[in-house]
file target22.pdb (PDB, C-alpha atoms and all ligand atoms)
ATOM      1  CA  MET S   1     100.947 124.561  79.010
ATOM      2  CA  TYR S   2      97.591 126.152  78.222
ATOM      3  CA  LYS S   3      97.202 129.755  77.080
ATOM      4  CA  ILE S   4      94.531 131.279  79.296
ATOM      5  CA  ASN S   5      92.470 134.295  78.213
ATOM      6  CA  GLU S   6      90.340 134.306  81.350
ATOM      7  CA  ILE S   7      89.059 132.260  84.265
ATOM      8  CA  PHE S   8      85.829 133.134  86.070
ATOM      9  CA  GLU S   9      83.012 131.596  88.082
ATOM     10  CA  THR S  10      79.472 132.125  86.829
ATOM     11  CA  ILE S  11      76.323 130.323  85.685
ATOM     12  CA  GLN S  12      76.466 128.337  82.431
ATOM     13  CA  GLY S  13      74.212 130.324  80.099
ATOM     14  CA  GLU S  14      73.971 127.978  77.112
ATOM     15  CA  ALA S  15      72.403 124.622  76.154
ATOM     16  CA  SER S  16      71.867 121.574  78.449
ATOM     17  CA  PHE S  17      73.816 122.875  81.440
ATOM     18  CA  THR S  18      72.075 126.258  81.459
ATOM     19  CA  GLY S  19      71.681 127.399  85.053
ATOM     20  CA  THR S  20      74.538 125.272  86.366
ATOM     21  CA  PRO S  21      77.203 127.049  88.454
ATOM     22  CA  ALA S  22      80.423 126.696  86.518
ATOM     23  CA  ILE S  23      84.042 127.753  86.377
ATOM     24  CA  PHE S  24      84.906 128.980  82.886
ATOM     25  CA  LEU S  25      88.346 128.430  81.444
ATOM     26  CA  ARG S  26      88.686 130.475  78.270
ATOM     27  CA  LEU S  27      91.697 129.479  76.165
ATOM     28  CA  GLN S  28      93.475 131.841  73.780
ATOM     29  CA  GLY S  29      93.635 131.249  70.023
ATOM     30  CA  CYS S  30      91.164 130.471  67.243
ATOM     31  CA  PRO S  31      91.825 130.349  63.477
ATOM     32  CA  VAL S  32      88.201 129.764  62.395
ATOM     33  CA  GLY S  33      87.064 133.365  61.950
ATOM     34  CA  CYS S  34      83.250 133.359  62.358
ATOM     35  CA  ALA S  35      82.015 136.825  61.328
ATOM     36  CA  TRP S  36      79.591 137.034  64.287
ATOM     37  CA  CYS S  37      81.955 135.602  66.937
ATOM     38  CA  ASP S  38      81.339 137.199  70.347
ATOM     39  CA  THR S  39      84.886 136.462  71.609
ATOM     40  CA  LYS S  40      87.124 137.910  68.898
ATOM     41  CA  GLN S  41      89.584 138.994  71.607
ATOM     42  CA  THR S  42      90.644 135.324  71.830
ATOM     43  CA  TRP S  43      91.618 134.870  68.177
ATOM     44  CA  GLU S  44      95.262 135.961  68.146
ATOM     45  CA  VAL S  45      98.078 134.736  70.355
ATOM     46  CA  ASP S  46     100.327 137.783  70.469
ATOM     47  CA  ASN S  47     103.403 137.508  72.694
ATOM     48  CA  VAL S  48     103.205 141.231  73.374
ATOM     49  CA  TYR S  49     100.040 140.544  75.384
ATOM     50  CA  LYS S  50     101.419 137.748  77.554
ATOM     51  CA  VAL S  51     100.710 138.484  81.245
ATOM     52  CA  SER S  52     100.798 136.693  84.585
ATOM     53  CA  LEU S  53      98.104 134.107  85.373
ATOM     54  CA  ASP S  54      96.607 136.329  88.102
ATOM     55  CA  ASP S  55      96.037 139.038  85.489
ATOM     56  CA  THR S  56      93.749 136.754  83.461
ATOM     57  CA  VAL S  57      91.448 135.840  86.356
ATOM     58  CA  GLU S  58      88.006 137.504  86.629
ATOM     59  CA  LYS S  59      88.860 140.163  84.021
ATOM     60  CA  LYS S  60      86.898 143.419  84.230
ATOM     61  CA  ALA S  61      86.569 143.668  80.426
ATOM     62  CA  ASP S  62      87.289 141.534  77.372
ATOM     63  CA  SER S  63      90.941 141.714  76.321
ATOM     64  CA  ASP S  64      93.441 139.832  74.198
ATOM     65  CA  HIS S  65      95.807 139.420  77.163
ATOM     66  CA  TRP S  66      96.659 135.818  78.006
ATOM     67  CA  ALA S  67      98.830 133.783  80.377
ATOM     68  CA  ASP S  68     100.542 130.395  80.297
ATOM     69  CA  ALA S  69      99.329 127.851  82.858
ATOM     70  CA  SER S  70      99.776 124.125  83.468
ATOM     71  CA  ALA S  71      96.909 121.844  84.502
ATOM     72  CA  GLU S  72      98.243 121.935  88.086
ATOM     73  CA  GLN S  73      98.399 125.743  88.127
ATOM     74  CA  ILE S  74      94.810 125.911  86.882
ATOM     75  CA  PHE S  75      93.583 123.497  89.555
ATOM     76  CA  ASN S  76      95.579 125.285  92.295
ATOM     77  CA  LEU S  77      94.053 128.573  91.201
ATOM     78  CA  PHE S  78      90.525 127.147  91.584
ATOM     79  CA  VAL S  79      91.439 126.109  95.146
ATOM     80  CA  ASP S  80      93.145 129.440  95.992
ATOM     81  CA  ARG S  81      90.173 131.426  94.676
ATOM     82  CA  ALA S  82      87.824 129.214  96.757
ATOM     83  CA  TYR S  83      85.554 128.660  93.754
ATOM     84  CA  ARG S  84      82.514 126.631  94.743
ATOM     85  CA  ALA S  85      81.306 125.438  91.334
ATOM     86  CA  LYS S  86      82.143 121.822  90.531
ATOM     87  CA  HIS S  87      81.459 122.017  86.795
ATOM     88  CA  VAL S  88      84.226 123.375  84.565
ATOM     89  CA  VAL S  89      83.502 124.706  81.072
ATOM     90  CA  ILE S  90      86.514 124.884  78.768
ATOM     91  CA  THR S  91      85.885 127.336  75.967
ATOM     92  CA  GLY S  92      87.763 129.912  73.940
ATOM     93  CA  GLY S  93      88.851 130.690  71.414
ATOM     94  CA  GLU S  94      89.046 127.125  70.186
ATOM     95  CA  PRO S  95      89.906 124.866  73.145
ATOM     96  CA  CYS S  96      90.536 121.813  70.957
ATOM     97  CA  MET S  97      93.708 123.426  69.642
ATOM     98  CA  TYR S  98      95.061 122.033  72.934
ATOM     99  CA  ASP S  99      95.283 118.500  74.334
ATOM    100  CA  LEU S 100      92.628 118.792  77.047
ATOM    101  CA  ASN S 101      93.324 115.343  78.580
ATOM    102  CA  PRO S 102      95.751 116.544  81.293
ATOM    103  CA  VAL S 103      93.535 119.316  82.659
ATOM    104  CA  CYS S 104      90.299 117.293  82.435
ATOM    105  CA  GLU S 105      91.865 114.233  84.076
ATOM    106  CA  LEU S 106      93.234 116.305  86.951
ATOM    107  CA  LEU S 107      89.860 117.994  87.438
ATOM    108  CA  HIS S 108      87.961 114.675  87.313
ATOM    109  CA  ALA S 109      90.359 113.213  89.904
ATOM    110  CA  ASN S 110      89.439 116.135  92.169
ATOM    111  CA  GLY S 111      85.684 115.770  91.868
ATOM    112  CA  TYR S 112      84.901 118.213  89.050
ATOM    113  CA  SER S 113      82.868 117.496  85.928
ATOM    114  CA  THR S 114      84.113 119.003  82.668
ATOM    115  CA  GLN S 115      82.531 120.333  79.503
ATOM    116  CA  ILE S 116      84.126 121.522  76.263
ATOM    117  CA  GLU S 117      82.664 124.096  73.875
ATOM    118  CA  THR S 118      84.169 123.421  70.452
ATOM    119  CA  SER S 119      83.706 124.286  66.798
ATOM    120  CA  GLY S 120      84.589 120.749  65.640
ATOM    121  CA  THR S 121      87.495 122.018  63.549
ATOM    122  CA  PHE S 122      90.220 120.265  65.571
ATOM    123  CA  GLU S 123      90.478 116.702  66.891
ATOM    124  CA  ILE S 124      88.899 116.477  70.357
ATOM    125  CA  LEU S 125      91.521 115.285  72.842
ATOM    126  CA  ALA S 126      89.618 114.785  76.098
ATOM    127  CA  PRO S 127      88.464 111.954  78.405
ATOM    128  CA  ALA S 128      85.271 110.012  77.693
ATOM    129  CA  GLN S 129      83.470 111.556  80.722
ATOM    130  CA  THR S 130      83.904 115.078  79.391
ATOM    131  CA  TRP S 131      80.641 116.545  78.060
ATOM    132  CA  VAL S 132      81.255 117.784  74.529
ATOM    133  CA  THR S 133      79.245 120.610  73.012
ATOM    134  CA  VAL S 134      79.918 120.921  69.309
ATOM    135  CA  SER S 135      78.954 124.116  67.565
ATOM    136  CA  PRO S 136      79.809 122.946  64.056
ATOM    137  CA  LYS S 137      81.525 125.558  61.925
ATOM    138  CA  ILE S 138      80.278 124.687  58.474
ATOM    139  CA  ASN S 139      82.145 126.012  55.426
ATOM    140  CA  MET S 140      84.819 127.428  57.717
ATOM    141  CA  ARG S 141      88.450 126.396  58.182
ATOM    142  CA  GLY S 142      89.039 122.795  59.322
ATOM    143  CA  GLY S 143      88.561 119.512  57.534
ATOM    144  CA  TYR S 144      85.370 117.576  56.954
ATOM    145  CA  ASP S 145      86.764 114.329  58.503
ATOM    146  CA  VAL S 146      87.501 116.115  61.772
ATOM    147  CA  LEU S 147      84.056 117.710  61.819
ATOM    148  CA  THR S 148      82.403 114.313  61.239
ATOM    149  CA  SER S 149      84.223 112.679  64.158
ATOM    150  CA  ALA S 150      83.425 115.700  66.341
ATOM    151  CA  MET S 151      79.739 115.309  65.446
ATOM    152  CA  GLN S 152      79.904 111.624  66.409
ATOM    153  CA  ARG S 153      81.589 112.451  69.737
ATOM    154  CA  ALA S 154      79.211 115.316  70.578
ATOM    155  CA  ASP S 155      76.873 115.049  73.558
ATOM    156  CA  GLU S 156      74.966 118.023  72.178
ATOM    157  CA  ILE S 157      74.989 120.186  69.075
ATOM    158  CA  LYS S 158      74.528 123.912  69.511
ATOM    159  CA  HIS S 159      74.105 125.921  66.355
ATOM    160  CA  PRO S 160      74.053 129.719  66.217
ATOM    161  CA  ILE S 161      71.530 130.916  63.640
ATOM    162  CA  ALA S 162      70.259 134.173  62.189
ATOM    163  CA  MET S 163      68.907 133.107  58.806
ATOM    164  CA  GLN S 164      67.055 130.192  57.243
ATOM    165  CA  LYS S 165      70.231 129.156  55.405
ATOM    166  CA  HIS S 166      71.882 128.404  58.769
ATOM    167  CA  VAL S 167      69.135 125.860  59.494
ATOM    168  CA  ALA S 168      69.502 124.334  56.026
ATOM    169  CA  GLU S 169      73.277 123.970  56.353
ATOM    170  CA  LEU S 170      72.854 122.189  59.697
ATOM    171  CA  GLU S 171      70.434 119.675  58.206
ATOM    172  CA  GLU S 172      72.779 119.162  55.254
ATOM    173  CA  LEU S 173      75.576 118.441  57.710
ATOM    174  CA  PHE S 174      73.452 115.812  59.504
ATOM    175  CA  ALA S 175      72.692 114.170  56.148
ATOM    176  CA  LYS S 176      76.314 114.317  54.953
ATOM    177  CA  THR S 177      77.817 112.929  58.171
ATOM    178  CA  GLY S 178      75.021 110.442  58.818
ATOM    179  CA  VAL S 179      74.912 111.700  62.400
ATOM    180  CA  THR S 180      71.523 112.172  64.060
ATOM    181  CA  PRO S 181      72.399 114.003  67.285
ATOM    182  CA  LYS S 182      70.450 113.273  70.479
ATOM    183  CA  LEU S 183      70.289 116.926  71.444
ATOM    184  CA  VAL S 184      70.135 119.805  68.999
ATOM    185  CA  TYR S 185      70.060 123.402  70.245
ATOM    186  CA  LEU S 186      69.533 126.479  68.108
ATOM    187  CA  GLN S 187      71.104 129.632  69.528
ATOM    188  CA  PRO S 188      70.023 133.002  68.119
ATOM    189  CA  ILE S 189      73.056 135.030  67.020
ATOM    190  CA  SER S 190      73.678 138.066  69.235
ATOM    191  CA  GLN S 191      70.139 138.191  70.717
ATOM    192  CA  LYS S 192      68.763 139.541  67.453
ATOM    193  CA  VAL S 193      64.954 139.655  67.511
ATOM    194  CA  SER S 194      64.583 138.120  64.031
ATOM    195  CA  ALA S 195      67.103 135.373  64.846
ATOM    196  CA  THR S 196      65.276 134.573  68.076
ATOM    197  CA  LYS S 197      61.922 134.374  66.269
ATOM    198  CA  LEU S 198      63.406 132.051  63.630
ATOM    199  CA  ALA S 199      65.015 129.859  66.309
ATOM    200  CA  ILE S 200      61.742 129.543  68.256
ATOM    201  CA  GLU S 201      59.740 128.633  65.157
ATOM    202  CA  THR S 202      62.348 126.149  63.934
ATOM    203  CA  CYS S 203      62.693 124.468  67.336
ATOM    204  CA  ILE S 204      58.939 123.928  67.514
ATOM    205  CA  GLU S 205      58.814 122.652  63.928
ATOM    206  CA  LYS S 206      61.727 120.210  64.308
ATOM    207  CA  ASN S 207      61.407 119.374  68.005
ATOM    208  CA  TRP S 208      64.843 120.838  68.710
ATOM    209  CA  ARG S 209      65.748 122.980  71.725
ATOM    210  CA  LEU S 210      66.312 126.679  72.209
ATOM    211  CA  SER S 211      69.491 128.108  73.813
ATOM    212  CA  VAL S 212      69.341 131.854  74.432
ATOM    213  CA  GLN S 213      72.650 132.820  76.086
ATOM    214  CA  VAL S 214      70.977 133.590  79.407
ATOM    215  CA  HIS S 215      74.118 135.365  80.730
ATOM    216  CA  LYS S 216      73.776 138.077  78.092
ATOM    217  CA  TYR S 217      70.206 138.869  79.158
ATOM    218  CA  LEU S 218      71.390 138.966  82.781
ATOM    219  CA  GLY S 219      74.430 141.140  81.995
ATOM    220  CA  ILE S 220      76.812 138.704  83.697
ATOM    221  CA  ASN S 221      79.902 136.940  82.357
TER     222      ASN S 221
HETATM  223  C1  LIG X   1      82.809 131.775  71.485
HETATM  224  S1  LIG X   1      82.606 130.075  71.096
HETATM  225  C2  LIG X   1      84.090 129.339  71.767
HETATM  226  C3  LIG X   1      84.164 127.851  71.589
HETATM  227  C4  LIG X   1      84.372 127.327  70.167
HETATM  228  N1  LIG X   1      85.301 128.108  69.408
HETATM  229  C5  LIG X   1      83.054 127.236  69.441
HETATM  230  O1  LIG X   1      82.846 127.988  68.477
HETATM  231  O2  LIG X   1      82.235 126.408  69.867
HETATM  232  C6  LIG X   1      81.356 129.540  72.295
HETATM  233  C7  LIG X   1      79.955 129.404  71.763
HETATM  234  O3  LIG X   1      79.411 130.686  71.458
HETATM  235  C8  LIG X   1      78.769 130.634  70.213
HETATM  236  N2  LIG X   1      78.721 132.002  69.716
HETATM  237  C9  LIG X   1      79.773 132.784  69.379
HETATM  238  N3  LIG X   1      79.358 134.009  69.014
HETATM  239  C10 LIG X   1      78.016 134.019  69.136
HETATM  240  C11 LIG X   1      77.019 135.002  68.915
HETATM  241  N4  LIG X   1      77.322 136.230  68.477
HETATM  242  N5  LIG X   1      75.735 134.670  69.156
HETATM  243  C12 LIG X   1      75.405 133.417  69.566
HETATM  244  N6  LIG X   1      76.300 132.445  69.802
HETATM  245  C13 LIG X   1      77.593 132.739  69.588
HETATM  246  C14 LIG X   1      79.619 129.654  69.444
HETATM  247  O4  LIG X   1      79.019 129.111  68.305
HETATM  248  C15 LIG X   1      79.861 128.594  70.486
HETATM  249  O5  LIG X   1      78.737 127.754  70.568
HETATM  250  N1  LIG X   2      77.738 132.421  81.453
HETATM  251  C1  LIG X   2      78.345 132.027  80.315
HETATM  252  N2  LIG X   2      77.942 130.895  79.726
HETATM  253  C2  LIG X   2      78.585 130.523  78.582
HETATM  254  N3  LIG X   2      78.385 129.401  77.852
HETATM  255  C3  LIG X   2      79.264 129.375  76.841
HETATM  256  C4  LIG X   2      80.073 130.513  76.922
HETATM  257  C5  LIG X   2      81.217 130.727  76.001
HETATM  258  O1  LIG X   2      81.671 131.854  75.836
HETATM  259  O2  LIG X   2      81.700 129.726  75.448
HETATM  260  C6  LIG X   2      79.635 131.256  78.021
HETATM  261  C7  LIG X   2      80.024 132.483  78.654
HETATM  262  O3  LIG X   2      80.901 133.245  78.229
HETATM  263  N4  LIG X   2      79.355 132.793  79.810
HETATM  264  S1  LIG X   3      85.073 128.959  66.205
HETATM  265 FE1  LIG X   3      84.253 129.778  68.131
HETATM  266  S2  LIG X   3      85.839 131.188  68.935
HETATM  267 FE2  LIG X   3      86.394 130.681  66.825
HETATM  268  S3  LIG X   3      85.572 132.394  65.632
HETATM  269 FE3  LIG X   3      83.977 130.794  65.635
HETATM  270  S4  LIG X   3      82.660 131.208  67.432
HETATM  271 FE4  LIG X   3      84.547 132.423  67.655
HETATM  272 MG    MG X   4      80.493 133.655  75.560
END
call {"tool": "encode", "arguments": {"input": "target22.pdb", "output": "structure tokens", "more": "lines below"}}
Ligand SMILES: C[S@@+](CC[C@H](N)C(=O)[O-])C[C@H]1O[C@@H](n2cnc3c(N)ncnc32)[C@H](O)[C@@H]1O
Ligand SMILES: Nc1nc2[nH]cc(C(=O)O)c2c(=O)[nH]1
Ligand code: SF4
Ligand SMILES: [Mg+2]
result
Amino acid sequence: MYKINEIFETIQGEASFTGTPAIFLRLQGCPVGCAWCDTKQTWEVDNVYKVSLDDTVEKKADSDHWADASAEQIFNLFVDRAYRAKHVVITGGEPCMYDLNPVCELLHANGYSTQIETSGTFEILAPAQTWVTVSPKINMRGGYDVLTSAMQRADEIKHPIAMQKHVAELEELFAKTGVTPKLVYLQPISQKVSATKLAIETCIEKNWRLSVQVHKYLGIN
């Protein structure tokens, strides 16, 4: 069973798949505790806030309500809701707290592509075809060995930044893990003007890419 915070259809607003119609599956629970996290409502799994699956679909506002669902229930819901997107983004919270093989395999068998957004603090349990976006949480909870294997598995790295030290810690991580990622995105934290300026300058300097959370500028989910 997966604990679902919300399910909605939108446009992927971050990194390589920006602009791609996608169904978002947001899972409940994350122990990492990033100060600037924009989905703090997903951190705790409180049984008081357990609701029915229908009550987690296309939420009007962020909430810490969640529902249990199996891979089959998730897929059936996509069909019932007549979602048209064929790309599924599994995010959270921290989705790698769950074994994502069952849901990804079922979705692949039914013609969907899958993508995971993860902090690299838990082992990634997902099929080889799944696109993995690692947003490495450096100096946060989670072991270094797990983070290294997540970096090796990653199809893209997406790093939220606001200060020069965030750039330095990313480069230190590349040196420490010996991983030179194919695709590196810098994502300004919370659309801050100074963070955006730093990200633009750094991307040009290092030939990395910019990810600006397009959905937030558009005011969509
Ligand atoms: C909310 S997290 C959920 C998935 C997973 N826990 C992770 O951190 O990758 C999804 C993405 O949003 C990024 N993010 C979270 N808060 C942000 C913020 N305030 N500004 C920019 N990016 C943010 C994360 O680093 C991650 O890349
Ligand atoms: N449109 C849209 N794109 C996203 N890309 C990553 C998201 C996330 O919260 O993980 C996200 C999100 O919440 N909405
Ligand atoms: S790891 Fe992801 S969900 Fe967890 S606190 Fe950090 S940004 Fe938020
Ligand atoms: Mg988001």
call {"tool": "resolve_selection", "arguments": {"input": "target22.pdb", "expression": "the PyMOL selection byres (((not hetatm)) within 6 of (chain X and resi 2))", "output": "PyMOL selection string"}}
result
chain S and resi 10-14+91+117+215+221
call {"tool": "write_last_selection", "arguments": {"input": "target22.pdb", "atoms": "C-alpha atoms", "output": "PDB file, in the frame of the given file"}}
result
ATOM      1  CA  THR S  10      79.472 132.125  86.829  1.00  0.00           C
ATOM      2  CA  ILE S  11      76.323 130.323  85.685  1.00  0.00           C
ATOM      3  CA  GLN S  12      76.466 128.337  82.431  1.00  0.00           C
ATOM      4  CA  GLY S  13      74.212 130.324  80.099  1.00  0.00           C
ATOM      5  CA  GLU S  14      73.971 127.978  77.112  1.00  0.00           C
ATOM      6  CA  THR S  91      85.885 127.336  75.967  1.00  0.00           C
ATOM      7  CA  GLU S 117      82.664 124.096  73.875  1.00  0.00           C
ATOM      8  CA  HIS S 215      74.118 135.365  80.730  1.00  0.00           C
ATOM      9  CA  ASN S 221      79.902 136.940  82.357  1.00  0.00           C
TER      10      ASN S 221
END
call {"tool": "residues_around", "arguments": {"input": "target22.pdb", "residues": "S:Arg209", "least_positions_apart": "4", "cutoff": "7 Å", "atoms": "only C-alpha atoms", "output": "list in words"}}
result
Val184, Tyr185, Leu186 and Cys203 of chain S
call {"tool": "residues_near_ligand", "arguments": {"input": "target22.pdb", "ligand": "ligand LIG 3 (chain X)", "cutoff": "7 Å", "atoms": "only C-alpha atoms and all ligand atoms", "output": "PyMOL selection string"}}
result
chain S and resi 30-34+37-40+42-43+92-94+118-119+137
call {"tool": "closest_residue", "arguments": {"input": "target22.pdb", "among": "S:Met140, S:Ile189, S:Ile4, S:Val51", "to": "ligand MG 4 (chain X)", "atoms": "all atoms listed in the file"}}
result
S:Ile189
call {"tool": "atom_distance", "arguments": {"input": "target22.pdb", "atom1": "atom CA of S:Phe24", "atom2": "atom CA of S:Ala85"}}
result
9.8 Å
call {"tool": "residues_around", "arguments": {"input": "target22.pdb", "residues": "S:Ala67", "least_positions_apart": "2", "cutoff": "7 Å", "atoms": "all atoms listed in the file", "output": "number ranges by chain"}}
result
S: 3-5, 50-53, 56, 69
call {"tool": "decode", "arguments": {"input": "target22.pdb", "residues": "stretch 92-107 of chain S", "atoms": "N, CA and C atoms", "output": "PDB file, in the first residue's frame"}}
result
ATOM      1  N   GLY S  92       6.755  13.645  -3.493  1.00  0.00           N
ATOM      2  CA  GLY S  92       6.296  13.567  -2.110  1.00  0.00           C
ATOM      3  C   GLY S  92       6.397  14.916  -1.443  1.00  0.00           C
ATOM      4  N   GLY S  93       6.723  14.815  -0.199  1.00  0.00           N
ATOM      5  CA  GLY S  93       7.262  13.730   0.576  1.00  0.00           C
ATOM      6  C   GLY S  93       8.464  13.065  -0.106  1.00  0.00           C
ATOM      7  N   GLU S  94       8.886  11.963   0.507  1.00  0.00           N
ATOM      8  CA  GLU S  94      10.010  11.219  -0.059  1.00  0.00           C
ATOM      9  C   GLU S  94       9.505   9.893  -0.623  1.00  0.00           C
ATOM     10  N   PRO S  95       9.327   9.800  -1.942  1.00  0.00           N
ATOM     11  CA  PRO S  95       8.719   8.603  -2.526  1.00  0.00           C
ATOM     12  C   PRO S  95       9.546   7.342  -2.338  1.00  0.00           C
ATOM     13  N   CYS S  96      10.868   7.492  -2.152  1.00  0.00           N
ATOM     14  CA  CYS S  96      11.707   6.294  -2.032  1.00  0.00           C
ATOM     15  C   CYS S  96      11.650   5.665  -0.639  1.00  0.00           C
ATOM     16  N   MET S  97      10.786   6.183   0.226  1.00  0.00           N
ATOM     17  CA  MET S  97      10.467   5.456   1.455  1.00  0.00           C
ATOM     18  C   MET S  97       9.637   4.221   1.109  1.00  0.00           C
ATOM     19  N   TYR S  98       9.116   4.183  -0.105  1.00  0.00           N
ATOM     20  CA  TYR S  98       8.258   3.074  -0.558  1.00  0.00           C
ATOM     21  C   TYR S  98       8.977   2.280  -1.642  1.00  0.00           C
ATOM     22  N   ASP S  99       8.612   0.997  -1.773  1.00  0.00           N
ATOM     23  CA  ASP S  99       9.061   0.201  -2.923  1.00  0.00           C
ATOM     24  C   ASP S  99       8.197   0.625  -4.111  1.00  0.00           C
ATOM     25  N   LEU S 100       8.805   1.307  -5.068  1.00  0.00           N
ATOM     26  CA  LEU S 100       8.032   1.851  -6.197  1.00  0.00           C
ATOM     27  C   LEU S 100       7.946   0.880  -7.371  1.00  0.00           C
ATOM     28  N   ASN S 101       8.561  -0.322  -7.242  1.00  0.00           N
ATOM     29  CA  ASN S 101       8.494  -1.305  -8.332  1.00  0.00           C
ATOM     30  C   ASN S 101       7.062  -1.671  -8.714  1.00  0.00           C
ATOM     31  N   PRO S 102       6.192  -2.046  -7.764  1.00  0.00           N
ATOM     32  CA  PRO S 102       4.851  -2.488  -8.170  1.00  0.00           C
ATOM     33  C   PRO S 102       4.082  -1.433  -8.963  1.00  0.00           C
ATOM     34  N   VAL S 103       4.072  -0.202  -8.486  1.00  0.00           N
ATOM     35  CA  VAL S 103       3.277   0.822  -9.184  1.00  0.00           C
ATOM     36  C   VAL S 103       3.915   1.181 -10.531  1.00  0.00           C
ATOM     37  N   CYS S 104       5.233   1.281 -10.583  1.00  0.00           N
ATOM     38  CA  CYS S 104       5.887   1.624 -11.858  1.00  0.00           C
ATOM     39  C   CYS S 104       5.705   0.511 -12.885  1.00  0.00           C
ATOM     40  N   GLU S 105       5.850  -0.740 -12.437  1.00  0.00           N
ATOM     41  CA  GLU S 105       5.697  -1.865 -13.374  1.00  0.00           C
ATOM     42  C   GLU S 105       4.283  -1.909 -13.946  1.00  0.00           C
ATOM     43  N   LEU S 106       3.297  -1.718 -13.093  1.00  0.00           N
ATOM     44  CA  LEU S 106       1.906  -1.723 -13.569  1.00  0.00           C
ATOM     45  C   LEU S 106       1.674  -0.581 -14.563  1.00  0.00           C
ATOM     46  N   LEU S 107       2.219   0.578 -14.268  1.00  0.00           N
ATOM     47  CA  LEU S 107       2.042   1.728 -15.163  1.00  0.00           C
ATOM     48  C   LEU S 107       2.773   1.503 -16.484  1.00  0.00           C
TER      49      LEU S 107
END
